[in-house]
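So this one's upload.cif, mmCIF, C-alpha atoms and all ligand atoms:
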data_my_file
#
loop_
_atom_site.label_atom_id
_atom_site.label_comp_id
_atom_site.auth_asym_id
_atom_site.auth_seq_id
_atom_site.Cartn_x
_atom_site.Cartn_y
_atom_site.Cartn_z
CA MET H 1 195.67 11.76 126.69
CA GLU H 2 192.04 12.35 127.74
CA LYS H 3 188.87 10.51 126.77
CA THR H 4 186.32 12.52 124.81
CA VAL H 5 183.14 10.75 123.61
CA GLN H 6 182.34 7.07 124.11
CA LEU H 7 182.40 5.37 120.71
CA TYR H 8 181.33 1.89 121.68
CA GLU H 9 180.48 -0.34 124.62
CA GLY H 10 181.08 -4.06 124.22
CA LYS H 11 180.58 -6.94 126.64
CA ALA H 12 183.95 -6.51 128.34
CA LYS H 13 185.31 -3.13 127.21
CA LYS H 14 184.40 0.44 126.35
CA VAL H 15 186.13 2.43 123.62
CA TYR H 16 186.49 6.22 123.74
CA ALA H 17 187.65 8.79 121.22
CA THR H 18 190.45 11.22 122.08
CA ALA H 19 191.34 14.67 120.82
CA GLU H 20 193.68 12.98 118.37
CA GLU H 21 191.74 11.46 115.48
CA GLY H 22 193.85 8.34 114.99
CA LEU H 23 193.90 7.36 118.68
CA CYS H 24 191.34 5.74 121.00
CA ILE H 25 191.23 4.72 124.63
CA VAL H 26 190.10 1.21 125.58
CA ALA H 27 188.71 0.75 129.12
CA TYR H 28 188.44 -2.80 130.49
CA LYS H 29 185.43 -3.79 132.63
CA ASP H 30 184.98 -6.63 135.13
CA ASP H 31 181.81 -7.75 133.31
CA ALA H 32 181.86 -11.25 131.88
CA THR H 33 179.45 -12.89 129.47
CA ALA H 34 179.32 -16.26 127.77
CA PHE H 35 177.19 -18.02 125.17
CA ASN H 36 176.65 -14.81 123.19
CA GLY H 37 175.61 -12.82 126.23
CA LEU H 38 173.12 -15.39 127.63
CA LYS H 39 175.23 -15.91 130.75
CA LYS H 40 176.21 -12.75 132.60
CA GLY H 41 178.42 -12.12 135.59
CA THR H 42 181.34 -10.24 137.05
CA ILE H 43 184.88 -11.39 137.62
CA ALA H 44 186.35 -9.07 140.25
CA GLY H 45 189.61 -7.52 139.09
CA LYS H 46 189.39 -9.03 135.60
CA GLY H 47 189.59 -5.67 133.83
CA VAL H 48 192.94 -4.90 135.43
CA ILE H 49 194.39 -8.34 134.61
CA ASN H 50 193.10 -8.35 131.02
CA ASN H 51 194.44 -4.85 130.38
CA ARG H 52 197.86 -5.77 131.78
CA MET H 53 198.09 -9.15 130.04
CA THR H 54 196.94 -7.78 126.70
CA ASN H 55 199.57 -5.06 126.81
CA ILE H 56 202.34 -7.45 127.78
CA MET H 57 201.35 -9.70 124.86
CA MET H 58 201.10 -6.77 122.43
CA ARG H 59 204.59 -5.57 123.41
CA LEU H 60 206.02 -9.08 123.03
CA LEU H 61 204.44 -9.40 119.59
CA GLU H 62 205.51 -5.91 118.43
CA LYS H 63 209.07 -6.72 119.49
CA ASN H 64 208.90 -9.74 117.21
CA GLY H 65 207.59 -7.93 114.16
CA VAL H 66 203.81 -8.29 114.56
CA PRO H 67 202.05 -4.94 113.89
CA THR H 68 199.49 -4.12 116.61
CA HIS H 69 197.19 -1.27 117.61
CA PHE H 70 198.94 -0.85 120.97
CA VAL H 71 200.35 2.59 121.83
CA ARG H 72 200.74 2.75 125.64
CA GLU H 73 199.13 1.74 128.90
CA LEU H 74 197.48 4.73 130.59
CA SER H 75 196.31 3.19 133.87
CA GLU H 76 195.31 -0.11 135.50
CA ARG H 77 192.29 -0.44 133.23
CA GLU H 78 192.93 1.94 130.33
CA THR H 79 195.13 1.76 127.26
CA LEU H 80 195.79 4.09 124.36
CA VAL H 81 195.47 2.35 121.00
CA ARG H 82 195.49 3.28 117.34
CA ARG H 83 192.02 3.66 115.88
CA VAL H 84 191.12 0.82 113.52
CA LYS H 85 188.12 -0.55 111.67
CA ILE H 86 187.72 -4.08 112.96
CA VAL H 87 187.74 -6.81 110.30
CA PRO H 88 184.54 -8.73 111.20
CA LEU H 89 186.32 -12.07 111.60
CA GLU H 90 187.11 -13.90 114.83
CA VAL H 91 190.36 -15.68 114.14
CA ILE H 92 190.77 -18.80 116.28
CA VAL H 93 194.02 -20.73 116.56
CA ARG H 94 194.07 -24.13 118.27
CA ASN H 95 196.97 -26.28 119.48
CA VAL H 96 194.91 -28.75 121.52
CA SER H 97 191.31 -29.94 121.13
CA ALA H 98 188.81 -28.16 123.41
CA GLY H 99 185.56 -26.21 123.46
CA SER H 100 183.59 -25.92 120.23
CA PHE H 101 186.17 -28.00 118.32
CA SER H 102 185.62 -30.99 120.60
CA LYS H 103 181.86 -30.51 120.51
CA ARG H 104 181.61 -30.07 116.72
CA TYR H 105 183.85 -32.99 115.80
CA GLY H 106 182.92 -35.31 118.69
CA VAL H 107 186.40 -35.64 120.19
CA GLU H 108 187.65 -35.42 123.77
CA GLU H 109 189.41 -32.31 125.03
CA GLY H 110 193.19 -32.41 125.37
CA ILE H 111 194.32 -33.99 122.08
CA VAL H 112 197.56 -32.24 121.10
CA PHE H 113 197.56 -31.45 117.37
CA ALA H 114 200.60 -32.16 115.18
CA SER H 115 200.22 -28.63 113.81
CA PRO H 116 197.96 -25.75 114.81
CA THR H 117 194.56 -25.12 113.19
CA VAL H 118 193.28 -21.70 112.14
CA GLU H 119 189.56 -21.04 111.74
CA PHE H 120 187.34 -18.04 111.21
CA SER H 121 183.98 -17.03 112.60
CA TYR H 122 181.86 -14.23 111.21
CA LYS H 123 181.85 -11.59 113.98
CA ASN H 124 178.10 -11.05 114.16
CA ASP H 125 176.28 -11.34 117.49
CA GLU H 126 172.82 -11.55 115.87
CA LEU H 127 173.91 -14.66 114.00
CA GLY H 128 175.88 -16.09 116.94
CA ASP H 129 179.30 -15.73 115.26
CA PRO H 130 178.93 -18.60 112.72
CA LEU H 131 181.99 -20.52 111.56
CA LEU H 132 183.02 -19.66 107.98
CA ASN H 133 185.76 -20.50 105.52
CA THR H 134 187.90 -18.22 103.34
CA SER H 135 185.60 -18.37 100.31
CA HIS H 136 182.60 -17.48 102.50
CA ALA H 137 184.51 -14.51 103.92
CA LEU H 138 185.38 -13.40 100.37
CA ALA H 139 181.80 -13.88 99.15
CA LEU H 140 180.52 -11.75 102.04
CA GLY H 141 183.16 -9.09 101.31
CA LEU H 142 184.48 -9.25 104.88
CA ALA H 143 188.13 -9.05 103.77
CA THR H 144 190.23 -9.38 100.61
CA GLU H 145 192.20 -12.48 99.68
CA LYS H 146 195.43 -10.69 100.47
CA GLU H 147 194.12 -9.54 103.87
CA ILE H 148 193.05 -13.08 104.75
CA GLU H 149 196.50 -14.38 103.79
CA THR H 150 198.14 -11.72 105.97
CA ILE H 151 195.79 -12.47 108.88
CA LYS H 152 196.44 -16.23 108.73
CA ALA H 153 200.22 -15.76 108.60
CA LEU H 154 200.13 -13.31 111.53
CA ALA H 155 197.85 -15.60 113.56
CA LEU H 156 200.29 -18.50 113.20
CA LYS H 157 203.27 -16.31 114.02
CA ILE H 158 201.45 -15.01 117.12
CA ASN H 159 200.70 -18.61 118.13
CA GLY H 160 204.37 -19.58 117.94
CA LEU H 161 205.45 -16.59 120.04
CA MET H 162 202.72 -16.91 122.67
CA LYS H 163 202.99 -20.69 122.95
CA GLU H 164 206.67 -20.39 123.76
CA PHE H 165 206.07 -17.50 126.16
CA TRP H 166 203.41 -19.37 128.16
CA LEU H 167 205.37 -22.60 128.26
CA ARG H 168 208.15 -20.71 130.05
CA HIS H 169 205.53 -19.91 132.71
CA GLY H 170 204.25 -23.47 133.04
CA ILE H 171 201.14 -22.87 130.93
CA GLU H 172 199.94 -24.70 127.84
CA LEU H 173 198.35 -22.38 125.27
CA VAL H 174 195.41 -24.54 124.18
CA ASP H 175 193.63 -22.07 121.89
CA PHE H 176 192.80 -18.40 121.51
CA LYS H 177 190.79 -15.85 119.55
CA LEU H 178 192.24 -12.81 117.79
CA GLU H 179 190.73 -9.81 116.04
CA PHE H 180 192.47 -7.68 113.46
CA GLY H 181 191.78 -4.13 112.30
CA ARG H 182 192.55 -1.84 109.40
CA LEU H 183 194.41 1.41 110.02
CA ALA H 184 193.43 4.52 108.01
CA ASP H 185 195.95 3.50 105.31
CA GLY H 186 194.35 0.05 105.03
CA SER H 187 197.17 -1.89 106.64
CA ILE H 188 196.26 -4.81 108.92
CA VAL H 189 197.20 -4.74 112.61
CA LEU H 190 196.37 -6.95 115.56
CA ALA H 191 193.65 -5.33 117.70
CA ASP H 192 191.27 -6.18 120.59
CA GLU H 193 192.55 -8.12 123.60
CA ILE H 194 194.59 -11.21 124.46
CA SER H 195 193.57 -12.34 127.93
CA PRO H 196 192.19 -15.28 129.93
CA ASP H 197 188.82 -14.24 128.42
CA THR H 198 190.08 -14.97 124.92
CA CYS H 199 192.63 -17.75 125.46
CA ARG H 200 192.44 -21.24 126.96
CA LEU H 201 195.38 -21.56 129.36
CA TRP H 202 196.02 -24.87 131.14
CA ASP H 203 198.63 -25.56 133.79
CA VAL H 204 201.22 -27.74 132.07
CA ASN H 205 201.48 -30.25 134.92
CA THR H 206 197.98 -30.42 136.42
CA HIS H 207 195.99 -29.38 133.31
CA GLU H 208 194.02 -27.08 135.61
CA LYS H 209 192.06 -24.50 133.62
CA LEU H 210 193.34 -20.96 134.25
CA ASP H 211 190.90 -19.07 132.01
CA LYS H 212 187.31 -18.04 131.35
CA ASP H 213 186.16 -21.67 131.00
CA ARG H 214 185.95 -21.60 134.83
CA PHE H 215 183.19 -18.97 134.41
CA ARG H 216 181.57 -20.51 131.29
CA ARG H 217 181.37 -23.96 132.93
CA ASP H 218 180.70 -22.88 136.55
CA LEU H 219 183.89 -24.52 137.78
CA GLY H 220 184.46 -22.00 140.60
CA GLY H 221 187.76 -20.35 141.48
CA VAL H 222 187.48 -17.89 138.57
CA GLU H 223 189.19 -14.95 140.29
CA ASN H 224 191.96 -17.21 141.60
CA ALA H 225 192.61 -18.54 138.10
CA TYR H 226 192.93 -15.03 136.63
CA GLY H 227 195.13 -14.07 139.59
CA GLU H 228 197.39 -17.07 138.97
CA VAL H 229 197.83 -16.07 135.31
CA MET H 230 198.74 -12.55 136.44
CA ARG H 231 201.21 -13.91 139.00
CA ARG H 232 202.97 -16.00 136.35
CA LEU H 233 203.06 -13.04 133.97
CA MET H 234 204.77 -11.00 136.66
CA GLU H 235 207.43 -13.69 137.19
CA ASP H 236 209.12 -12.49 134.06
CA ALA H 237 211.53 -9.75 135.12
CA ALA H 238 211.85 -8.56 131.52
CA LEU H 239 208.22 -7.39 131.54
P1 LIG G 1 185.59 -22.14 121.23
O1 LIG G 1 186.25 -23.46 121.48
O2 LIG G 1 184.38 -21.90 122.09
O3 LIG G 1 185.31 -21.92 119.78
O4 LIG G 1 186.64 -21.02 121.66
C1 LIG G 1 187.92 -20.96 121.09
C2 LIG G 1 188.74 -19.85 121.75
O5 LIG G 1 188.19 -18.58 121.47
C3 LIG G 1 188.79 -19.95 123.28
O6 LIG G 1 190.12 -19.68 123.69
C4 LIG G 1 187.89 -18.87 123.77
C5 LIG G 1 187.88 -17.86 122.66
N1 LIG G 1 186.57 -17.23 122.47
C6 LIG G 1 186.47 -15.86 122.56
O7 LIG G 1 187.45 -15.16 122.81
N2 LIG G 1 185.25 -15.29 122.33
C7 LIG G 1 184.14 -16.01 122.05
O8 LIG G 1 183.07 -15.44 121.87
C8 LIG G 1 184.27 -17.43 121.95
C9 LIG G 1 183.08 -18.29 121.63
C10 LIG G 1 185.51 -18.00 122.17
#

Would you give me this structure, written as structure tokens?
Ligand code: TMP
Amino acid sequence: MEKTVQLYEGKAKKVYATAEEGLCIVAYKDDATAFNGLKKGTIAGKGVINNRMTNIMMRLLEKNGVPTHFVRELSERETLVRRVKIVPLEVIVRNVSAGSFSKRYGVEEGIVFASPTVEFSYKNDELGDPLLNTSHALALGLATEKEIETIKALALKINGLMKEFWLRHGIELVDFKLEFGRLADGSIVLADEISPDTCRLWDVNTHEKLDKDRFRRDLGGVENAYGEVMRRLMEDAAL
């Protein structure tokens, strides 16, 4: 499958059309941004790792009944996906306090929750992706009640599957962000990426951060952290 025109360029990926209307190609870049694009940089090799990790996660989820946009990996950095219209909600699931949760509610990082939280942000760079609740999303017409119900149920199912997966590789899944899309028939599927850019991954024993927080917070060792995640992914012979 060949790329035709470029449809979109985001902070970390480009999306291309193909000759087949319902299919797109996603190309992962090494570019990294944080704080709504204020901080810019490059993480060498990130595009390859994020492409590979996303596809492994998508296959794991599909196998367990989660509908996704994934079709097949084309190369180190490129993947064929079904074309969707992205629902403009960032869906964040948290198992442990960290990041904006800790900041907003004035609590330390690392508190393990009795059950996971699900929250939504309005996907809108101009507004800085503000937090919103279900009634706000409905009022803004971002999704229907039924779609929001489906998205929440899928997000929690995905959390259960990924939490267990990462634990087997000595990693605690602290939190992550998902995006969903609508296929031409209106059905909801998981889209976008699942990578160290979009998940907080901590080593179970040392609590070392193995994700983009190393870039956001200038902790150093960013490439090594992404490489370590990749190495643990590859441990699993079934992949
Ligand atoms: P937060 O604690 O900053 O709200 O982030 C929660 C999770 O969402 C964390 O795993 C990182 C991910 N995330 C993104 O994927 N994109 C973003 O723009 C932000 C702010 C967070």

Work out how far atom CA of Pro196 of chain H is from atom CA of Tyr8 of chain H, in Å to one decimal. 21.9 Å

Identify, on the basis of only C-alpha atoms, every residue whose closest approach to segment 139-143 of chain H does not exceed 8 Å; exclude the query and any residue fewer than 6 positions from it along the same chain; express the result as number ranges by chain. H: 87-89

Given only C-alpha atoms as the basis, pick out the residue of H:Asp31, H:Glu90, H:Asp203, H:Glu126 nearest to Ile151 of chain H.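 Looking at the shortest contact to Ile151 of chain H, the residue is H:Glu90.
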
Have a look at atom CA of Thr68 of chain H and atom CA of Glu21 of chain H and let me know their distance in Å, one decimal.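 Between atom CA of Thr68 of chain H and atom CA of Glu21 of chain H the gap is 17.4 Å.
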
Who sits within 9 Å of Leu156 of chain H, only C-alpha atoms, same chain under 5 positions skipped, as a PyMOL selection string: chain H and resi 93+116-118+151+161

Looking at all atoms listed in the file, which of H:Glu179, H:Asp236, H:Glu208, H:Asp218 is the one that sits closest to ligand LIG 1 (chain G)?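 That would be H:Glu179, the residue with the smallest distance to ligand LIG 1 (chain G).
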
Using all atoms listed in the file, can you tell me which of H:Gly221, H:Pro67, H:Gly45, H:Gly10 comes closest to ligand LIG 1 (chain G)?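 Of the candidates, the smallest distance to ligand LIG 1 (chain G) is held by H:Gly10.
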
Output the neighbourhood of ligand LIG 1 (chain G) as a list in words, that is, all protein and nucleic acid residues with some atom at most 8 Å from the ligand, counting only C-alpha atoms and all ligand atoms.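 The distance check yields Ala34, Phe35, Asn36, Glu90, Ile92, Val93, Arg94, Ala98, Gly99, Ser100, Phe101, Ser102, Asp129, Val174, Asp175, Phe176, Lys177, Leu178, Pro196, Asp197, Thr198, Cys199, Arg200, Leu201, Lys212 and Asp213 of chain H.
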
Best match for closeness to Val5 of chain H among H:Ala155, H:Met234, H:Cys24, H:Val204, counting only C-alpha atoms: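 Once distances to Val5 of chain H are computed over only C-alpha atoms, the minimum belongs to H:Cys24.
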
Segment 144-217 of chain H residues near segment 37-42 of chain H within 12 Å, closest pair each, using only C-alpha atoms, as CSV:
residue,atom,partner,partner_atom,distance
H:Lys212,CA,H:Thr42,CA,11.4
H:Phe215,CA,H:Gly41,CA,8.4
H:Arg216,CA,H:Lys39,CA,7.9
H:Arg217,CA,H:Lys39,CA,10.4

Fewer than 6 positions away in the same chain doesn't count, so skip those; otherwise give me all residues within 10 Å of Ser187 of chain H, counting all atoms listed in the file, as a ChimeraX atom specification. /H:67,84,147,150,181

What is the distance, in Å and to one decimal place, between atom CA of Arg77 of chain H and atom CA of Ile171 of chain H?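 Result for atom CA of Arg77 of chain H versus atom CA of Ile171 of chain H: 24.2 Å, one decimal.
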
Some atoms are missing, so please complete segment 77-101 of chain H with N, CA, C and O atoms and return it as a tab-separated table (two decimals), in the coordinates of the input.
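As written to disk, selection.tsv reads:
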chain	number	residue	atom	x	y	z
H	77	ARG	N	193.35	0.09	134.09
H	77	ARG	CA	192.29	-0.44	133.23
H	77	ARG	C	192.23	0.19	131.85
H	77	ARG	O	191.38	-0.18	131.04
H	78	GLU	N	193.08	1.19	131.58
H	78	GLU	CA	192.93	1.94	130.33
H	78	GLU	C	194.20	1.95	129.49
H	78	GLU	O	195.31	2.11	130.02
H	79	THR	N	194.00	1.80	128.19
H	79	THR	CA	195.13	1.76	127.26
H	79	THR	C	194.84	2.61	126.03
H	79	THR	O	193.72	2.62	125.52
H	80	LEU	N	195.88	3.29	125.59
H	80	LEU	CA	195.79	4.09	124.36
H	80	LEU	C	196.13	3.19	123.18
H	80	LEU	O	197.15	2.49	123.20
H	81	VAL	N	195.25	3.19	122.19
H	81	VAL	CA	195.47	2.35	121.00
H	81	VAL	C	195.24	3.16	119.74
H	81	VAL	O	194.58	4.20	119.77
H	82	ARG	N	195.78	2.65	118.63
H	82	ARG	CA	195.49	3.28	117.34
H	82	ARG	C	194.07	2.93	116.91
H	82	ARG	O	193.61	1.80	117.14
H	83	ARG	N	193.41	3.89	116.31
H	83	ARG	CA	192.02	3.66	115.88
H	83	ARG	C	192.02	2.77	114.64
H	83	ARG	O	192.74	3.04	113.68
H	84	VAL	N	191.22	1.73	114.67
H	84	VAL	CA	191.12	0.82	113.52
H	84	VAL	C	189.65	0.56	113.20
H	84	VAL	O	188.77	0.79	114.03
H	85	LYS	N	189.43	0.05	111.99
H	85	LYS	CA	188.12	-0.55	111.67
H	85	LYS	C	188.32	-2.05	111.82
H	85	LYS	O	189.17	-2.64	111.15
H	86	ILE	N	187.55	-2.65	112.70
H	86	ILE	CA	187.72	-4.08	112.96
H	86	ILE	C	187.27	-4.92	111.76
H	86	ILE	O	186.18	-4.69	111.22
H	87	VAL	N	188.12	-5.84	111.33
H	87	VAL	CA	187.74	-6.81	110.30
H	87	VAL	C	186.76	-7.78	110.98
H	87	VAL	O	187.11	-8.35	112.02
H	88	PRO	N	185.55	-7.96	110.44
H	88	PRO	CA	184.54	-8.73	111.20
H	88	PRO	C	184.76	-10.25	111.17
H	88	PRO	O	183.87	-11.02	110.81
H	89	LEU	N	185.98	-10.64	111.53
H	89	LEU	CA	186.32	-12.07	111.60
H	89	LEU	C	186.90	-12.36	112.97
H	89	LEU	O	187.75	-11.61	113.44
H	90	GLU	N	186.45	-13.42	113.62
H	90	GLU	CA	187.11	-13.90	114.83
H	90	GLU	C	188.06	-14.98	114.35
H	90	GLU	O	187.66	-15.95	113.71
H	91	VAL	N	189.32	-14.78	114.64
H	91	VAL	CA	190.36	-15.68	114.14
H	91	VAL	C	190.77	-16.58	115.30
H	91	VAL	O	191.30	-16.10	116.30
H	92	ILE	N	190.51	-17.87	115.17
H	92	ILE	CA	190.77	-18.80	116.28
H	92	ILE	C	191.89	-19.77	115.90
H	92	ILE	O	191.83	-20.41	114.85
H	93	VAL	N	192.90	-19.81	116.75
H	93	VAL	CA	194.02	-20.73	116.56
H	93	VAL	C	193.94	-21.79	117.66
H	93	VAL	O	193.69	-21.45	118.83
H	94	ARG	N	194.14	-23.04	117.29
H	94	ARG	CA	194.07	-24.13	118.27
H	94	ARG	C	195.31	-25.01	118.20
H	94	ARG	O	195.73	-25.40	117.10
H	95	ASN	N	195.85	-25.33	119.38
H	95	ASN	CA	196.97	-26.28	119.48
H	95	ASN	C	196.52	-27.62	120.06
H	95	ASN	O	197.19	-28.63	119.88
H	96	VAL	N	195.42	-27.58	120.79
H	96	VAL	CA	194.91	-28.75	121.52
H	96	VAL	C	193.39	-28.74	121.39
H	96	VAL	O	192.77	-27.67	121.41
H	97	SER	N	192.77	-29.91	121.27
H	97	SER	CA	191.31	-29.94	121.13
H	97	SER	C	190.64	-29.46	122.42
H	97	SER	O	191.08	-29.80	123.52
H	98	ALA	N	189.59	-28.66	122.27
H	98	ALA	CA	188.81	-28.16	123.41
H	98	ALA	C	187.58	-27.44	122.87
H	98	ALA	O	187.47	-27.21	121.66
H	99	GLY	N	186.69	-27.09	123.77
H	99	GLY	CA	185.56	-26.21	123.46
H	99	GLY	C	184.76	-26.63	122.25
H	99	GLY	O	184.39	-27.80	122.10
H	100	SER	N	184.49	-25.66	121.36
H	100	SER	CA	183.59	-25.92	120.23
H	100	SER	C	184.20	-26.91	119.24
H	100	SER	O	183.47	-27.59	118.52
H	101	PHE	N	185.54	-27.01	119.21
H	101	PHE	CA	186.17	-28.00	118.32
H	101	PHE	C	185.79	-29.41	118.77
H	101	PHE	O	185.37	-30.24	117.96
